[in-house]
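Engineer: My questions will all concern the structure given below.
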Amino acid sequence: MYRFLLTPRWWGINVFALLAIPFCVFMGSWQLSRFEGHVQDHRSATEQAASARTEAPRPLDRLLPVDKATSGRQATATGRYAEQLLVPDRELDGRSGYYVLTLLRTDSGKALPVVRGWLPGTADAAKAPAPPTGRVTVTGALQASETPGDNGVSAQGGLPSGQTAVISAASLVNLVPYGVYDAWITLDKADPGMKAVPAKAPEGSGLDLKAFQNLGYTGEWFVFAGFVVFMWFRLLRREVEAARDAELGLAPQTPDATQVPDTTQAPDAPEERTTTV
């Protein structure tokens, strides 16, 4: 009854199933590991943010370059405030406003972007408090340079003079005549008249849309594997039923061609009858 499994057709079906099922399971497991990695990164970022609030600040140069291990850590730098810029369209506590960003010229000659605080409303240089004069030491959470389009960062251009849409060395170096660190800090305590900006989690360390896409792909691949198994058993069942019906003589018989009446010939002419008057 199962001899049909040795036919070329079923060899192809079996080989396809034996290759497709492990492949789907492997891809589903890989996507699941990606999701678990996002969960672990989120947990690590949360723990790191909690510990960063109590740890002693470290010199800026010891924490560079910024990565997942150093993002959010407390950093300190000394220098003199220079140019001040506004970063519009930034939300805080559900309200729209702007950051007050001031460049700190350090002893190395390079400048460190410092977010001194947040103000509500439309960006207005007249409302932004002036930075302290003289030599200052700042302490805040270290952050990586922003990328347009990530974490709600605007990619708009054509801003008025004295404004920037992105806090990054790539954008700021075009606005000032000196080098800029590829990092920035947000003060733990905002300067008077402003509200402190909380540190952001490192990029790719949160349970964002991409993480849940990995979880969705996991389910899809396992569903594909189950579908292949289902279809293999369904085809097997149909073949077994067809073979059983054939053994019992229940399979439909094709009429013999010799028994089919020939309808292509013209009908016989009617018999002529002679009438004698």
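Residue numbering restarts at 1 for every chain of the structure tokens, chains are lettered A, B, ... in their displayed order, and ligands are numbered from 1 as they appear.
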For segment 165-173 of chain A, work out the shell of residues within 9 Å, counting only C-alpha atoms and skipping chain neighbours fewer than 4 positions away, then give it as an NGL selection string.
Structural biologist: :A and (86-89 or 101 or 113 or 144-148 or 153-157 or 159 or 177-184)
Engineer: Please, could you write that set of residues out with C-alpha atoms as a PDB file, in the first residue's frame?
Structural biologist:
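Here's the written file out_28.pdb:
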```pdb
ATOM      1  CA  LEU A  86      18.918  75.584  20.226  1.00  0.00           C
ATOM      2  CA  VAL A  87      17.567  72.153  19.291  1.00  0.00           C
ATOM      3  CA  PRO A  88      13.877  72.561  18.358  1.00  0.00           C
ATOM      4  CA  ASP A  89      11.014  70.044  18.345  1.00  0.00           C
ATOM      5  CA  LEU A 101      22.766  73.223  23.786  1.00  0.00           C
ATOM      6  CA  PRO A 113      28.152  69.587  23.386  1.00  0.00           C
ATOM      7  CA  ALA A 144      26.232  59.018  21.730  1.00  0.00           C
ATOM      8  CA  SER A 145      25.851  61.340  18.758  1.00  0.00           C
ATOM      9  CA  GLU A 146      22.335  61.351  17.364  1.00  0.00           C
ATOM     10  CA  THR A 147      21.313  60.042  13.948  1.00  0.00           C
ATOM     11  CA  PRO A 148      18.453  61.677  12.031  1.00  0.00           C
ATOM     12  CA  VAL A 153      15.276  62.873  16.073  1.00  0.00           C
ATOM     13  CA  SER A 154      14.136  65.210  13.322  1.00  0.00           C
ATOM     14  CA  ALA A 155      15.912  65.219   9.970  1.00  0.00           C
ATOM     15  CA  GLN A 156      14.627  68.631   8.944  1.00  0.00           C
ATOM     16  CA  GLY A 157      16.941  71.161   7.378  1.00  0.00           C
ATOM     17  CA  LEU A 159      16.698  75.869  10.313  1.00  0.00           C
ATOM     18  CA  PRO A 177      35.419  76.670  13.629  1.00  0.00           C
ATOM     19  CA  TYR A 178      36.889  74.022  15.965  1.00  0.00           C
ATOM     20  CA  GLY A 179      36.670  70.295  16.565  1.00  0.00           C
ATOM     21  CA  VAL A 180      33.747  68.686  18.368  1.00  0.00           C
ATOM     22  CA  TYR A 181      33.665  65.478  20.417  1.00  0.00           C
ATOM     23  CA  ASP A 182      31.643  62.657  18.892  1.00  0.00           C
ATOM     24  CA  ALA A 183      29.495  62.591  22.025  1.00  0.00           C
ATOM     25  CA  TRP A 184      27.455  64.900  24.254  1.00  0.00           C
TER      26      TRP A 184
END
```
Engineer: Using only C-alpha atoms, find the one residue out of A:Ile13, A:Leu187, A:Val66, A:Val100 that sits nearest to Asp124 of chain A.
Structural biologist: A:Val100
Engineer: Report as a short mmCIF file (atom, residue, chain, number, x, y, z; two decimals) with N, CA and C atoms, in the first residue's frame all protein, DNA and RNA residues lying within 8 Å of Met194 of chain A, evaluated on only C-alpha atoms, omitting residues in the same chain fewer than 6 positions from it.
Structural biologist:
```
data_model
loop_
_atom_site.label_atom_id
_atom_site.label_comp_id
_atom_site.auth_asym_id
_atom_site.auth_seq_id
_atom_site.Cartn_x
_atom_site.Cartn_y
_atom_site.Cartn_z
N ARG A 116 22.14 71.86 28.49
CA ARG A 116 22.01 72.47 29.81
C ARG A 116 20.59 72.41 30.34
N GLY A 117 19.62 72.10 29.46
CA GLY A 117 18.24 72.00 29.93
C GLY A 117 17.24 72.07 28.78
N TRP A 118 15.97 72.06 29.17
CA TRP A 118 14.86 72.07 28.21
C TRP A 118 13.89 73.18 28.56
N LEU A 119 13.35 73.81 27.53
CA LEU A 119 12.35 74.87 27.71
C LEU A 119 11.14 74.55 26.85
#
```
Engineer: Near segment 69-79 of chain A, counting only C-alpha atoms, which residues have an atom at most 10 Å away, once you skip same-chain residues fewer than 2 positions from it, shown as an NGL selection string?
Structural biologist: :A and (44-45 or 48-67 or 81-82 or 103-112 or 134-144 or 183-188 or 198-203)
Engineer: What does the distance between atom CA of Ala211 of chain A and atom CA of Phe26 of chain A come to in Å, to one decimal place?
Structural biologist: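 Separation of atom CA of Ala211 of chain A and atom CA of Phe26 of chain A: 18.2 Å.
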Engineer: List the neighbours of segment 240-251 of chain A out to 10 Å using only C-alpha atoms; skip same-chain residues closer than 4 positions along the sequence, and give me the result as an NGL selection string.
Structural biologist: :A and (1-4 or 234-236)
